[in-house]
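Text of the file protein18.cif, holding mmCIF, C-alpha atoms:
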```
data_my_file
loop_
_atom_site.label_atom_id
_atom_site.label_comp_id
_atom_site.auth_asym_id
_atom_site.auth_seq_id
_atom_site.Cartn_x
_atom_site.Cartn_y
_atom_site.Cartn_z
CA MET Q 21 -17.35 65.46 -74.11
CA SER Q 22 -18.66 66.15 -70.63
CA SER Q 23 -15.20 66.41 -69.06
CA LEU Q 24 -14.10 68.77 -71.82
CA LEU Q 25 -17.28 70.78 -71.31
CA ASP Q 26 -16.55 70.85 -67.58
CA HIS Q 27 -13.09 72.18 -68.45
CA VAL Q 28 -14.59 74.91 -70.62
CA MET Q 29 -17.18 75.88 -68.02
CA GLY Q 30 -14.55 75.87 -65.29
CA ARG Q 31 -12.26 78.02 -67.40
CA ALA Q 32 -15.09 80.47 -68.10
CA THR Q 33 -15.93 80.64 -64.38
CA ASP Q 34 -12.28 81.17 -63.44
CA LEU Q 35 -12.00 83.95 -66.02
CA ALA Q 36 -15.45 85.33 -65.05
CA LEU Q 37 -16.63 85.10 -68.67
CA PRO Q 38 -20.33 84.89 -69.60
CA ILE Q 39 -19.80 81.83 -71.77
CA SER Q 40 -23.50 80.95 -71.87
CA VAL Q 41 -26.29 83.44 -72.55
CA HIS Q 42 -30.02 82.92 -72.90
CA PHE Q 43 -31.41 85.73 -75.07
CA ASP Q 44 -35.18 86.11 -75.40
CA LEU Q 45 -35.72 88.04 -78.61
CA THR Q 46 -39.39 88.69 -77.89
CA TYR Q 47 -42.06 87.95 -75.31
CA ARG Q 48 -44.75 88.04 -77.99
CA CYS Q 49 -46.18 84.62 -78.68
CA ASN Q 50 -48.66 82.93 -80.99
CA GLU Q 51 -49.62 80.44 -78.30
CA ARG Q 52 -51.18 81.13 -74.90
CA CYS Q 53 -49.89 78.24 -72.82
CA VAL Q 54 -51.72 77.88 -69.53
CA HIS Q 55 -48.49 77.64 -67.50
CA CYS Q 56 -46.52 80.44 -69.19
CA TYR Q 57 -44.74 82.94 -66.94
CA LEU Q 58 -44.46 85.77 -69.50
CA ASP Q 59 -46.38 88.95 -70.28
CA HIS Q 60 -46.85 88.71 -74.05
CA GLU Q 61 -47.41 92.42 -74.69
CA ASP Q 62 -44.56 94.19 -76.50
CA HIS Q 63 -43.23 96.86 -74.14
CA GLY Q 64 -40.49 98.04 -76.50
CA GLU Q 65 -38.33 95.23 -77.82
CA LEU Q 66 -34.73 95.86 -78.79
CA THR Q 67 -34.56 96.87 -82.43
CA THR Q 68 -32.63 94.93 -85.04
CA SER Q 69 -29.60 97.18 -84.72
CA GLU Q 70 -29.80 97.10 -80.93
CA VAL Q 71 -29.86 93.29 -80.90
CA LYS Q 72 -26.87 93.21 -83.28
CA ASP Q 73 -25.00 95.59 -81.00
CA VAL Q 74 -25.76 93.36 -78.00
CA LEU Q 75 -24.52 90.33 -79.95
CA ASP Q 76 -21.29 92.19 -80.76
CA GLN Q 77 -20.85 92.95 -77.07
CA LEU Q 78 -21.55 89.36 -76.03
CA ALA Q 79 -19.04 87.99 -78.54
CA ALA Q 80 -16.41 90.42 -77.26
CA ALA Q 81 -17.20 89.40 -73.67
CA GLY Q 82 -16.54 85.72 -74.47
CA THR Q 83 -20.02 84.26 -74.92
CA LEU Q 84 -19.96 81.05 -76.96
CA PHE Q 85 -23.21 79.24 -76.09
CA LEU Q 86 -26.20 81.32 -77.19
CA ILE Q 87 -29.84 80.32 -76.74
CA PHE Q 88 -32.33 82.31 -78.79
CA SER Q 89 -35.77 82.00 -77.27
CA GLY Q 90 -38.95 83.89 -76.45
CA GLY Q 91 -41.98 84.22 -76.56
CA GLU Q 92 -42.02 82.82 -80.05
CA LEU Q 93 -38.85 84.03 -81.70
CA LEU Q 94 -40.11 83.50 -85.24
CA LEU Q 95 -42.63 86.28 -84.65
CA ARG Q 96 -39.73 88.68 -85.12
CA ASN Q 97 -39.62 89.66 -88.78
CA ASP Q 98 -35.86 90.06 -88.47
CA PHE Q 99 -35.32 86.64 -86.90
CA PHE Q 100 -33.27 85.16 -89.74
CA GLU Q 101 -31.27 88.37 -90.10
CA LEU Q 102 -30.39 88.16 -86.40
CA LEU Q 103 -29.63 84.45 -86.60
CA GLU Q 104 -27.31 85.00 -89.55
CA TYR Q 105 -25.62 87.84 -87.70
CA ALA Q 106 -25.14 85.67 -84.60
CA ARG Q 107 -23.63 82.85 -86.64
CA GLY Q 108 -21.37 85.38 -88.35
CA LEU Q 109 -19.99 86.08 -84.88
CA ALA Q 110 -19.32 82.33 -84.43
CA PHE Q 111 -21.80 81.76 -81.61
CA ASP Q 112 -23.01 78.24 -80.94
CA VAL Q 113 -26.75 78.76 -81.39
CA LYS Q 114 -29.65 76.78 -80.01
CA LEU Q 115 -33.26 77.77 -80.66
CA LYS Q 116 -36.24 77.31 -78.36
CA THR Q 117 -39.51 77.56 -80.26
CA ASN Q 118 -43.02 76.19 -80.51
CA ALA Q 119 -42.14 75.71 -84.20
CA ILE Q 120 -45.63 76.33 -85.54
CA LEU Q 121 -44.33 78.94 -88.00
CA ILE Q 122 -41.49 76.76 -89.29
CA LYS Q 123 -42.04 75.58 -92.84
CA GLU Q 124 -39.69 73.58 -95.03
CA ALA Q 125 -37.87 76.65 -96.37
CA ASP Q 126 -37.29 77.86 -92.79
CA ALA Q 127 -35.89 74.49 -91.77
CA ILE Q 128 -33.51 74.62 -94.74
CA ARG Q 129 -32.36 78.11 -93.72
CA ILE Q 130 -31.89 77.06 -90.08
CA ARG Q 131 -29.73 74.17 -91.25
CA GLU Q 132 -27.72 76.39 -93.62
CA LEU Q 133 -27.01 78.85 -90.82
CA GLY Q 134 -25.45 76.16 -88.64
CA VAL Q 135 -27.86 76.01 -85.70
CA ARG Q 136 -26.82 73.17 -83.42
CA GLN Q 137 -30.16 72.30 -81.85
CA VAL Q 138 -33.81 73.25 -82.05
CA GLN Q 139 -35.89 72.68 -78.92
CA VAL Q 140 -39.63 72.35 -79.49
CA SER Q 141 -42.25 72.30 -76.75
CA ILE Q 142 -44.66 69.39 -77.05
CA TYR Q 143 -47.05 68.82 -74.16
CA SER Q 144 -48.76 65.61 -75.18
CA HIS Q 145 -48.87 62.97 -77.90
CA ARG Q 146 -52.63 63.68 -78.02
CA ALA Q 147 -53.41 66.71 -80.16
CA GLU Q 148 -56.43 67.69 -78.07
CA VAL Q 149 -54.40 67.78 -74.84
CA HIS Q 150 -51.51 69.72 -76.42
CA ASP Q 151 -53.87 72.21 -78.08
CA ALA Q 152 -55.81 72.71 -74.82
CA ILE Q 153 -52.54 73.70 -73.10
CA THR Q 154 -51.39 76.03 -75.90
CA LYS Q 155 -54.95 77.31 -76.45
CA VAL Q 156 -54.32 77.21 -80.21
CA ALA Q 157 -56.32 74.75 -82.27
CA GLY Q 158 -54.12 72.83 -84.68
CA SER Q 159 -50.87 73.77 -82.90
CA PHE Q 160 -49.93 70.15 -82.27
CA ASP Q 161 -50.17 69.21 -85.94
CA ARG Q 162 -48.19 72.29 -87.00
CA SER Q 163 -45.45 71.71 -84.43
CA ILE Q 164 -45.10 68.06 -85.41
CA ALA Q 165 -44.99 68.98 -89.10
CA ALA Q 166 -42.22 71.45 -88.32
CA ILE Q 167 -40.24 68.82 -86.43
CA ARG Q 168 -40.43 66.61 -89.51
CA PHE Q 169 -39.12 69.49 -91.66
CA LEU Q 170 -36.25 70.06 -89.23
CA LYS Q 171 -35.38 66.39 -89.00
CA ALA Q 172 -35.48 66.07 -92.79
CA GLN Q 173 -32.65 68.62 -92.83
CA GLY Q 174 -30.64 66.48 -90.41
CA LEU Q 175 -31.05 68.96 -87.58
CA ARG Q 176 -30.89 67.93 -83.96
CA VAL Q 177 -34.34 68.40 -82.40
CA LEU Q 178 -35.09 68.20 -78.69
CA ILE Q 179 -38.72 67.75 -77.67
CA ALA Q 180 -39.27 69.43 -74.31
CA ASN Q 181 -42.22 68.09 -72.35
CA VAL Q 182 -43.25 70.34 -69.46
CA LEU Q 183 -45.24 68.30 -66.98
CA MET Q 184 -48.34 69.74 -65.35
CA ARG Q 185 -51.64 68.47 -64.07
CA GLN Q 186 -53.20 68.55 -67.53
CA ASN Q 187 -50.69 66.19 -69.14
CA VAL Q 188 -49.02 64.28 -66.33
CA GLY Q 189 -49.90 60.84 -67.68
CA ASP Q 190 -48.88 61.59 -71.24
CA TYR Q 191 -45.11 61.74 -71.06
CA PRO Q 192 -44.58 58.08 -72.13
CA GLY Q 193 -46.59 58.91 -75.23
CA VAL Q 194 -44.50 62.03 -75.92
CA GLN Q 195 -41.35 60.01 -75.33
CA ALA Q 196 -42.50 57.44 -77.91
CA LEU Q 197 -43.50 60.22 -80.30
CA ALA Q 198 -40.04 61.76 -80.00
CA ALA Q 199 -38.40 58.40 -80.68
CA GLY Q 200 -40.59 57.94 -83.75
CA LEU Q 201 -39.60 61.36 -85.05
CA GLY Q 202 -35.90 60.80 -84.37
CA ALA Q 203 -35.91 63.60 -81.82
CA GLU Q 204 -34.40 63.73 -78.37
CA PHE Q 205 -36.69 64.01 -75.37
CA THR Q 206 -36.52 65.91 -72.10
CA LEU Q 207 -39.02 66.13 -69.30
CA ASP Q 208 -39.39 69.10 -66.98
CA PRO Q 209 -41.75 69.17 -64.00
CA THR Q 210 -40.85 72.78 -63.15
CA ILE Q 211 -43.62 75.37 -63.25
CA THR Q 212 -42.38 78.82 -62.26
CA PRO Q 213 -44.28 81.88 -61.03
CA LYS Q 214 -45.00 84.57 -63.59
CA MET Q 215 -42.33 87.21 -63.98
CA ASP Q 216 -44.59 89.75 -62.25
CA GLY Q 217 -44.66 87.52 -59.17
CA ASP Q 218 -48.13 86.05 -59.80
CA ALA Q 219 -47.94 82.55 -58.33
CA SER Q 220 -51.36 81.35 -59.51
CA VAL Q 221 -49.82 79.11 -62.19
CA LEU Q 222 -48.12 77.07 -59.46
CA SER Q 223 -51.43 75.29 -58.95
CA LEU Q 224 -50.62 73.50 -62.22
CA ARG Q 225 -47.62 71.72 -60.69
CA ILE Q 226 -48.03 67.97 -60.65
CA PRO Q 227 -48.85 66.34 -57.30
CA THR Q 228 -45.94 64.78 -55.40
CA THR Q 229 -47.29 61.28 -55.97
CA HIS Q 230 -46.85 61.80 -59.70
CA LEU Q 231 -43.41 63.28 -59.17
CA LEU Q 232 -42.46 60.10 -57.34
CA GLN Q 233 -43.81 58.06 -60.24
CA VAL Q 234 -41.65 60.04 -62.67
CA PHE Q 235 -38.53 59.65 -60.54
CA THR Q 236 -38.97 55.87 -60.38
CA ASP Q 237 -39.84 55.39 -64.05
CA LYS Q 238 -37.12 53.16 -65.50
CA SER Q 239 -37.85 54.41 -69.02
CA LEU Q 240 -36.66 57.82 -67.87
CA ILE Q 241 -33.96 57.11 -65.30
CA GLY Q 242 -32.56 53.89 -66.73
CA GLU Q 243 -31.86 50.66 -64.86
CA SER Q 244 -28.72 51.81 -63.09
CA ALA Q 245 -29.65 55.36 -62.30
CA VAL Q 246 -30.18 54.79 -58.59
CA THR Q 247 -27.98 57.30 -56.83
CA PRO Q 248 -26.20 56.63 -53.58
CA PRO Q 249 -27.88 57.85 -50.42
CA PRO Q 250 -27.09 61.39 -49.42
CA GLY Q 251 -24.00 61.54 -47.30
CA ALA Q 252 -22.77 64.04 -44.79
CA PRO Q 253 -22.50 67.59 -46.08
CA ASP Q 254 -19.34 67.95 -48.16
CA LEU Q 255 -17.19 70.60 -46.50
CA GLU Q 256 -15.26 71.37 -49.68
CA ALA Q 257 -18.51 71.86 -51.58
CA MET Q 258 -19.43 74.56 -49.08
CA ASP Q 259 -17.06 76.88 -50.94
CA ASP Q 260 -18.76 76.18 -54.27
CA ALA Q 261 -21.14 78.53 -56.00
CA PRO Q 262 -24.74 77.27 -56.02
CA CYS Q 263 -24.93 77.33 -59.85
CA SER Q 264 -23.47 79.06 -62.91
CA ALA Q 265 -26.05 81.89 -62.95
CA GLY Q 266 -24.17 85.18 -62.86
CA HIS Q 267 -20.82 83.36 -62.81
CA ALA Q 268 -20.54 82.00 -66.36
CA ALA Q 269 -24.09 82.54 -67.58
CA CYS Q 270 -26.74 85.20 -67.75
CA TYR Q 271 -30.01 86.17 -69.38
CA VAL Q 272 -30.93 89.02 -71.74
CA SER Q 273 -34.59 90.05 -72.05
CA PRO Q 274 -36.20 91.48 -75.23
CA TYR Q 275 -35.96 94.90 -73.57
CA GLY Q 276 -32.24 94.64 -72.85
CA ASP Q 277 -32.59 93.74 -69.18
CA ILE Q 278 -29.85 91.56 -67.74
CA PHE Q 279 -30.71 88.89 -65.17
CA PRO Q 280 -28.42 86.20 -63.71
CA CYS Q 281 -30.57 83.55 -65.44
CA VAL Q 282 -33.91 83.20 -67.23
CA GLN Q 283 -35.27 81.65 -64.02
CA PHE Q 284 -33.64 84.29 -61.80
CA PRO Q 285 -35.38 87.60 -62.58
CA LEU Q 286 -33.13 89.82 -60.49
CA PRO Q 287 -32.78 93.06 -62.50
CA SER Q 288 -29.03 93.62 -62.81
CA GLY Q 289 -28.77 96.30 -65.48
CA ASN Q 290 -30.14 97.38 -68.84
CA LEU Q 291 -28.29 97.39 -72.14
CA ARG Q 292 -29.99 100.56 -73.32
CA ARG Q 293 -28.31 102.44 -70.49
CA GLU Q 294 -25.01 100.56 -70.00
CA ARG Q 295 -22.56 98.43 -71.93
CA PHE Q 296 -22.77 94.69 -71.31
CA GLU Q 297 -19.20 94.53 -70.03
CA ASP Q 298 -19.94 97.20 -67.41
CA ILE Q 299 -23.03 95.38 -66.20
CA TRP Q 300 -21.29 92.00 -66.18
CA ARG Q 301 -18.26 93.29 -64.30
CA HIS Q 302 -19.77 95.88 -61.98
CA SER Q 303 -23.46 95.23 -61.37
CA LYS Q 304 -24.07 95.19 -57.60
CA GLN Q 305 -26.77 92.55 -58.11
CA LEU Q 306 -24.47 90.21 -60.02
CA GLU Q 307 -21.73 90.82 -57.47
CA GLU Q 308 -24.14 89.80 -54.72
CA VAL Q 309 -25.13 86.63 -56.57
CA ARG Q 310 -21.47 85.77 -57.22
CA ALA Q 311 -20.55 86.23 -53.57
CA ILE Q 312 -22.96 83.53 -52.38
CA ARG Q 313 -21.42 80.20 -51.46
CA LEU Q 314 -23.23 77.07 -50.32
CA ARG Q 315 -22.14 77.76 -46.75
CA ASP Q 316 -24.09 81.04 -46.91
CA LEU Q 317 -27.42 79.27 -47.36
CA PRO Q 318 -28.80 79.04 -43.81
CA THR Q 319 -31.30 76.24 -44.44
CA CYS Q 320 -29.80 74.38 -47.39
CA SER Q 321 -26.21 74.18 -46.08
CA VAL Q 322 -27.32 71.93 -43.20
CA CYS Q 323 -30.02 70.00 -45.06
CA SER Q 324 -29.60 66.20 -45.10
CA LEU Q 325 -30.83 66.08 -48.71
CA GLN Q 326 -28.22 68.54 -49.91
CA SER Q 327 -26.25 66.11 -52.04
CA ASN Q 328 -29.37 65.11 -54.00
CA CYS Q 329 -30.69 68.62 -54.34
CA THR Q 330 -30.79 70.64 -57.53
CA ARG Q 331 -31.63 73.85 -55.71
CA CYS Q 332 -32.34 76.74 -58.08
CA PRO Q 333 -31.37 80.10 -56.56
CA GLY Q 334 -33.70 81.82 -59.01
CA LEU Q 335 -36.72 79.89 -57.78
CA ALA Q 336 -35.62 80.68 -54.22
CA TYR Q 337 -35.37 84.35 -55.20
CA MET Q 338 -38.89 84.26 -56.62
CA GLU Q 339 -40.05 82.84 -53.30
CA GLY Q 340 -38.54 85.85 -51.57
CA ASN Q 341 -34.95 84.98 -50.60
CA MET Q 342 -32.11 84.07 -52.95
CA ARG Q 343 -30.29 82.48 -49.98
CA GLY Q 344 -33.31 80.47 -48.92
CA PRO Q 345 -34.66 77.14 -50.11
CA SER Q 346 -36.87 76.75 -53.15
CA SER Q 347 -39.95 74.82 -52.09
CA ALA Q 348 -40.26 73.18 -55.51
CA ASP Q 349 -36.69 71.86 -55.26
CA CYS Q 350 -37.24 70.77 -51.64
CA GLU Q 351 -40.20 68.75 -52.84
CA LYS Q 352 -38.22 67.29 -55.71
CA SER Q 353 -35.34 66.35 -53.40
CA LEU Q 354 -37.69 64.63 -50.97
CA MET Q 355 -39.35 62.69 -53.79
CA PHE Q 356 -35.96 61.86 -55.26
CA GLU Q 357 -34.87 60.42 -51.90
CA GLN Q 358 -38.06 58.38 -51.67
CA ALA Q 359 -37.55 57.20 -55.23
CA ARG Q 360 -34.04 56.11 -54.37
CA SER Q 361 -35.36 54.02 -51.46
CA ILE Q 362 -38.03 52.46 -53.67
CA CYS Q 363 -35.54 51.62 -56.42
CA GLU Q 364 -33.17 50.09 -53.87
CA THR Q 365 -35.92 47.93 -52.44
CA ASN Q 366 -37.10 46.65 -55.86
CA MET U 7 7.29 70.05 -99.78
CA THR U 8 3.97 71.09 -101.39
CA ASP U 9 2.41 74.17 -99.91
CA LEU U 10 -0.66 73.50 -97.76
CA TYR U 11 -3.50 75.93 -97.20
CA ILE U 12 -5.85 75.81 -94.24
CA ALA U 13 -9.32 77.30 -93.76
CA ARG U 14 -11.71 77.12 -90.85
CA GLY U 15 -14.40 74.50 -91.45
CA PRO U 16 -18.07 75.34 -91.97
CA ARG U 17 -20.86 75.12 -89.38
CA LEU U 18 -18.56 75.67 -86.43
CA ALA U 19 -18.84 77.87 -83.37
CA ALA U 20 -15.66 79.16 -81.78
CA ARG U 21 -14.40 81.47 -79.10
CA VAL U 22 -10.95 82.26 -77.76
CA LEU U 23 -10.79 81.99 -73.96
CA ALA U 24 -7.45 83.26 -72.72
CA SER U 25 -4.93 81.29 -74.81
CA GLU U 26 -7.31 78.47 -75.74
CA THR U 27 -9.84 78.25 -78.54
CA VAL U 28 -13.08 76.40 -77.85
CA ILE U 29 -14.69 74.99 -81.00
CA LEU U 30 -18.10 73.36 -81.23
CA LYS U 31 -19.48 71.56 -84.28
CA ALA U 32 -23.12 72.10 -85.16
CA ASP U 33 -23.36 68.77 -86.95
CA ASP U 34 -22.49 66.42 -84.10
CA SER U 35 -21.98 68.69 -81.05
CA GLY U 36 -18.31 67.70 -81.05
CA LEU U 37 -16.34 69.92 -78.68
CA TYR U 38 -12.66 70.70 -79.19
CA VAL U 39 -10.24 72.86 -77.23
CA LEU U 40 -7.14 74.07 -79.06
CA ASN U 41 -4.01 74.99 -77.13
CA GLU U 42 -1.98 78.14 -77.69
CA VAL U 43 -0.29 76.89 -80.88
CA GLY U 44 -3.59 75.55 -82.20
CA THR U 45 -5.20 78.89 -81.42
CA LEU U 46 -2.57 80.72 -83.48
CA LEU U 47 -3.04 78.32 -86.40
CA TRP U 48 -6.84 78.64 -86.17
CA GLY U 49 -6.64 82.41 -86.18
CA ALA U 50 -4.38 82.40 -89.23
CA ALA U 51 -6.40 79.82 -91.19
CA ASP U 52 -7.64 82.21 -93.86
CA GLY U 53 -7.47 79.70 -96.71
CA THR U 54 -4.99 81.78 -98.69
CA THR U 55 -1.81 81.96 -96.61
CA PRO U 56 0.45 78.91 -97.04
CA LEU U 57 0.93 76.89 -93.85
CA ALA U 58 4.70 77.33 -94.16
CA THR U 59 4.24 81.10 -94.11
CA ILE U 60 1.95 80.89 -91.08
CA VAL U 61 4.55 78.82 -89.26
CA GLU U 62 7.34 81.19 -90.21
CA ARG U 63 5.48 84.41 -89.38
CA VAL U 64 3.12 83.43 -86.57
CA ILE U 65 4.43 80.31 -84.79
CA CYS U 66 8.21 80.55 -84.86
CA PRO U 67 8.48 84.11 -83.51
CA GLN U 68 6.50 83.07 -80.43
CA PHE U 69 8.15 79.74 -79.66
CA ASP U 70 11.75 78.58 -79.45
CA VAL U 71 11.52 76.05 -82.26
CA ASP U 72 13.23 75.54 -85.60
CA GLU U 73 11.12 76.15 -88.65
CA ALA U 74 11.39 72.68 -90.18
CA SER U 75 10.28 70.92 -87.00
CA ALA U 76 7.51 73.44 -86.45
CA LEU U 77 6.22 72.94 -89.99
CA GLN U 78 6.27 69.18 -89.62
CA ASP U 79 4.34 69.35 -86.33
CA ALA U 80 1.92 71.92 -87.74
CA THR U 81 1.29 69.76 -90.82
CA GLU U 82 0.40 66.76 -88.66
CA PHE U 83 -1.76 68.94 -86.46
CA VAL U 84 -3.79 70.54 -89.26
CA ARG U 85 -4.28 67.16 -90.96
CA GLU U 86 -5.65 65.82 -87.65
CA LEU U 87 -8.04 68.78 -87.39
CA GLY U 88 -8.91 68.25 -91.04
CA SER U 89 -9.97 64.69 -90.29
CA HIS U 90 -12.49 66.13 -87.81
CA ASN U 91 -13.72 68.80 -90.28
CA ILE U 92 -12.43 71.54 -87.99
CA LEU U 93 -10.10 72.75 -90.70
CA SER U 94 -10.24 72.35 -94.45
CA VAL U 95 -6.79 71.43 -95.73
CA SER U 96 -5.84 71.77 -99.38
CA ASP U 97 -2.79 72.09 -101.61
CA ARG U 98 -4.51 75.05 -103.28
CA PRO U 99 -5.73 78.36 -101.86
CA MET U 100 -9.35 78.31 -100.68
CA THR U 101 -11.88 81.11 -100.66
CA GLY U 102 -15.62 81.15 -100.22
CA PRO U 103 -18.41 81.53 -97.70
CA ASP U 104 -18.25 78.00 -96.35
CA THR U 105 -15.77 78.78 -93.64
CA ALA U 106 -16.34 79.76 -90.05
CA PRO U 107 -15.55 83.32 -89.01
CA PRO U 108 -12.51 83.78 -86.83
CA ALA U 109 -13.17 83.27 -83.13
CA GLU U 110 -13.48 86.52 -81.33
CA GLU U 111 -11.18 86.80 -78.38
CA ALA U 112 -12.92 87.41 -75.08
CA ALA U 113 -12.06 90.77 -73.58
CA ARG U 114 -10.34 90.40 -70.21
#
```
Show this structure as C-alpha cells.
Amino acid sequence: MSSLLDHVMGRATDLALPISVHFDLTYRCNERCVHCYLDHEDHGELTTSEVKDVLDQLAAAGTLFLIFSGGELLLRNDFFELLEYARGLAFDVKLKTNAILIKEADAIRIRELGVRQVQVSIYSHRAEVHDAITKVAGSFDRSIAAIRFLKAQGLRVLIANVLMRQNVGDYPGVQALAAGLGAEFTLDPTITPKMDGDASVLSLRIPTTHLLQVFTDKSLIGESAVTPPPGAPDLEAMDDAPCSAGHAACYVSPYGDIFPCVQFPLPSGNLRRERFEDIWRHSKQLEEVRAIRLRDLPTCSVCSLQSNCTRCPGLAYMEGNMRGPSSADCEKSLMFEQARSICETN
Amino acid sequence: MTDLYIARGPRLAARVLASETVILKADDSGLYVLNEVGTLLWGAADGTTPLATIVERVICPQFDVDEASALQDATEFVRELGSHNILSVSDRPMTGPDTAPPAEEAAR
C-alpha cells in the first residue's frame, strides 16, 4: 500500500491538491492535559452550516484524507451531523479523541458512518498517572471503556501515547495495554509550545537520556530497524520540499483559520473572509512555504545528520524561523544517531 | 448475455484526481487507484444503469474500441472490483443507502 500511497501523495503534490486536511472542530475540551498547546475557550467556532460549507469546499478542492480533531470533538452537539455530512462527501475520515464521551451507541454510529480509524490518547497504563495528566478523575477508565466499545464494533483504534516527564517509563505498559485491547500503538515524544507562543510546557519534554532509551528499545524499533549511517548530503534531495505541509496538506481551525499544518501555526487565511480555493491557491504565506526547498535551509542543508532528521518546519517556525532548525528535531536526530551506534555495537 | 448492474460499495472514501480515482476502504484501509476507464465506470455505477449501457454511452464514445470487446473487458474489470468490495455487482438493479457517494472531482 505504501508505494500506492506514495503515488497518490506525489500526484496530489504535482497537482497542488490539498489531499490531506486536519480539521479541528473545536478547541473546547473536557480534559485539561498538562502538555496541551490549545486555548480551550470558545472564541467563535464555525457553525454547523459553516463547517458543512467548508467541507463542500474541501471536497471540491480534492481533499480525500480528513482528520476530525480538537479539543474534544464530541463536545460539539452537531458532531454526528458533521461526520455524516463528511462521509456523504466521500471523505476518508479519521477521528482523534480522548473518547471519554463515547458510549456503545456512539461506537455503533461511528462504525455505521464508515470512519476508518479512531485515535485515542492514553498516557499511561496506570489510571492514576493518566488521570493526573488529563486532570480528570476517572478519565482513564472511561477512555478504556470507550476503546472496548469501538473495538467491539470492529473499528480500527490507534492508542497514541505522548511521552513526557510524568509518564516516560510507562510506555511499555501502554504498549501491552494496546495489544490486550486489540488496538494499534504509537508513541510520540513531541511536546510543542502553546499556540500563543508560551513555551513553558516544553519543560515537560523527556530528558535526552530517556529519548535514547526509546530509540534503542527493540520492542519499538524492531530487531532490524537499525538505519545506515548518515551519508553525504543528497544533492537531488536539495530540490525537495521539507514536508507536505502547504503542498498537499493543510490545517483548518475551529474558527476557519488556515495553517500549513496543525503544528505550523502560520496564519494563511480565514474561511469566513475567503473561499478555501482562493486561500489555497493564492495565500502569500502558503506560497512562501511552498517555495522553500531543502537547499534554502541555511543550517539544515549542510548538517551531517540531515539524512536521519525528521525536521518539522512548523516547530522551526514556532522557534522563530521556518527556514531554521527545530531544536527538538536536532535533539532527536542526535539521539537517533547515538542509538544507531549503540545498536550497531550490540 | 445477462445484464449486469454495478453500484459503488459501502464504507468507501473516494476522490477523483485528474483522470484517476483514489478509493480507500474503511474496513481494511485498502487503497485502490482506478485509471481513466475505471474512473468512468465508477462514476456511472449508479446501481440502475446496465453495464452494457454504460459501456455503450460512456466508454465507447471516449475510446477507439468496439462495443463487444469493451463490454467483455468491463465485465472482467467490475467483477475484479466486486471481489474487493469496491463495487457491488448484480444481475438485478440495485438501490439503497449502502453505496458510496460518487467521488467529487477535484477542481483544477
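Evaluated against the shown file, the PyMOL selection byres ((chain Q and resi 330) around 9) gives Gln326, Ser327, Asn328, Cys329, Arg331, Cys332, Asp349, Cys350, Lys352 and Ser353 of chain Q.
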Take the selection from the previous step and output its residues with C-alpha atoms, as a CSV table (one decimal), in the frame of the given file.
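Okay, result.csv is ready:
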```
chain,number,residue,atom,x,y,z
Q,326,GLN,CA,-28.2,68.5,-49.9
Q,327,SER,CA,-26.2,66.1,-52.0
Q,328,ASN,CA,-29.4,65.1,-54.0
Q,329,CYS,CA,-30.7,68.6,-54.3
Q,331,ARG,CA,-31.6,73.8,-55.7
Q,332,CYS,CA,-32.3,76.7,-58.1
Q,349,ASP,CA,-36.7,71.9,-55.3
Q,350,CYS,CA,-37.2,70.8,-51.6
Q,352,LYS,CA,-38.2,67.3,-55.7
Q,353,SER,CA,-35.3,66.4,-53.4
```
Hey, could you make a per-residue contact list for chain Q against chain U with 6 Å as the cut-off, showing the nearest pair of atoms and its distance in Å to one decimal, counting all atoms listed in the file, sorted by chain and number, as CSV?
```
residue,atom,partner,partner_atom,distance
Q:Ala80,CA,U:Ala112,CA,5.1
Q:Ala81,CA,U:Ala112,CA,4.9
Q:Gly82,CA,U:Ala112,CA,4.0
Q:Leu84,CA,U:Arg21,CA,6.0
Q:Ala110,CA,U:Ala19,CA,4.6
Q:Phe111,CA,U:Ala19,CA,5.2
Q:Asp112,CA,U:Ala19,CA,4.8
Q:Gly134,CA,U:Arg17,CA,4.8
Q:Arg136,CA,U:Ala32,CA,4.2
```
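Reported to one decimal place, the separation of atom CA of Q:Leu93 from atom CA of Q:Cys263 is 26.8 Å.
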Query raised in the report: Near Q:His55, within 9 Å and counting all atoms listed in the file, which residues show up once chain neighbours fewer than 3 positions away are dropped, as a PyMOL selection string?
Result: chain Q and resi 52+153+184+211-214+221-222+224
Resolved residues for the PyMOL selection byres ((chain Q and resi 335-339) around 9) as a PDB file with C-alpha atoms, in the coordinates of the input:
```
ATOM      1  CA  THR Q 212     -42.380  78.820 -62.260  1.00  0.00           C
ATOM      2  CA  PRO Q 213     -44.280  81.880 -61.030  1.00  0.00           C
ATOM      3  CA  MET Q 215     -42.330  87.210 -63.980  1.00  0.00           C
ATOM      4  CA  GLY Q 217     -44.660  87.520 -59.170  1.00  0.00           C
ATOM      5  CA  GLN Q 283     -35.270  81.650 -64.020  1.00  0.00           C
ATOM      6  CA  PHE Q 284     -33.640  84.290 -61.800  1.00  0.00           C
ATOM      7  CA  PRO Q 285     -35.380  87.600 -62.580  1.00  0.00           C
ATOM      8  CA  LEU Q 286     -33.130  89.820 -60.490  1.00  0.00           C
ATOM      9  CA  ARG Q 331     -31.630  73.850 -55.710  1.00  0.00           C
ATOM     10  CA  CYS Q 332     -32.340  76.740 -58.080  1.00  0.00           C
ATOM     11  CA  PRO Q 333     -31.370  80.100 -56.560  1.00  0.00           C
ATOM     12  CA  GLY Q 334     -33.700  81.820 -59.010  1.00  0.00           C
ATOM     13  CA  GLY Q 340     -38.540  85.850 -51.570  1.00  0.00           C
ATOM     14  CA  ASN Q 341     -34.950  84.980 -50.600  1.00  0.00           C
ATOM     15  CA  MET Q 342     -32.110  84.070 -52.950  1.00  0.00           C
ATOM     16  CA  ARG Q 343     -30.290  82.480 -49.980  1.00  0.00           C
ATOM     17  CA  GLY Q 344     -33.310  80.470 -48.920  1.00  0.00           C
ATOM     18  CA  PRO Q 345     -34.660  77.140 -50.110  1.00  0.00           C
ATOM     19  CA  SER Q 346     -36.870  76.750 -53.150  1.00  0.00           C
ATOM     20  CA  SER Q 347     -39.950  74.820 -52.090  1.00  0.00           C
ATOM     21  CA  ALA Q 348     -40.260  73.180 -55.510  1.00  0.00           C
ATOM     22  CA  ASP Q 349     -36.690  71.860 -55.260  1.00  0.00           C
TER      23      ASP Q 349
END
```
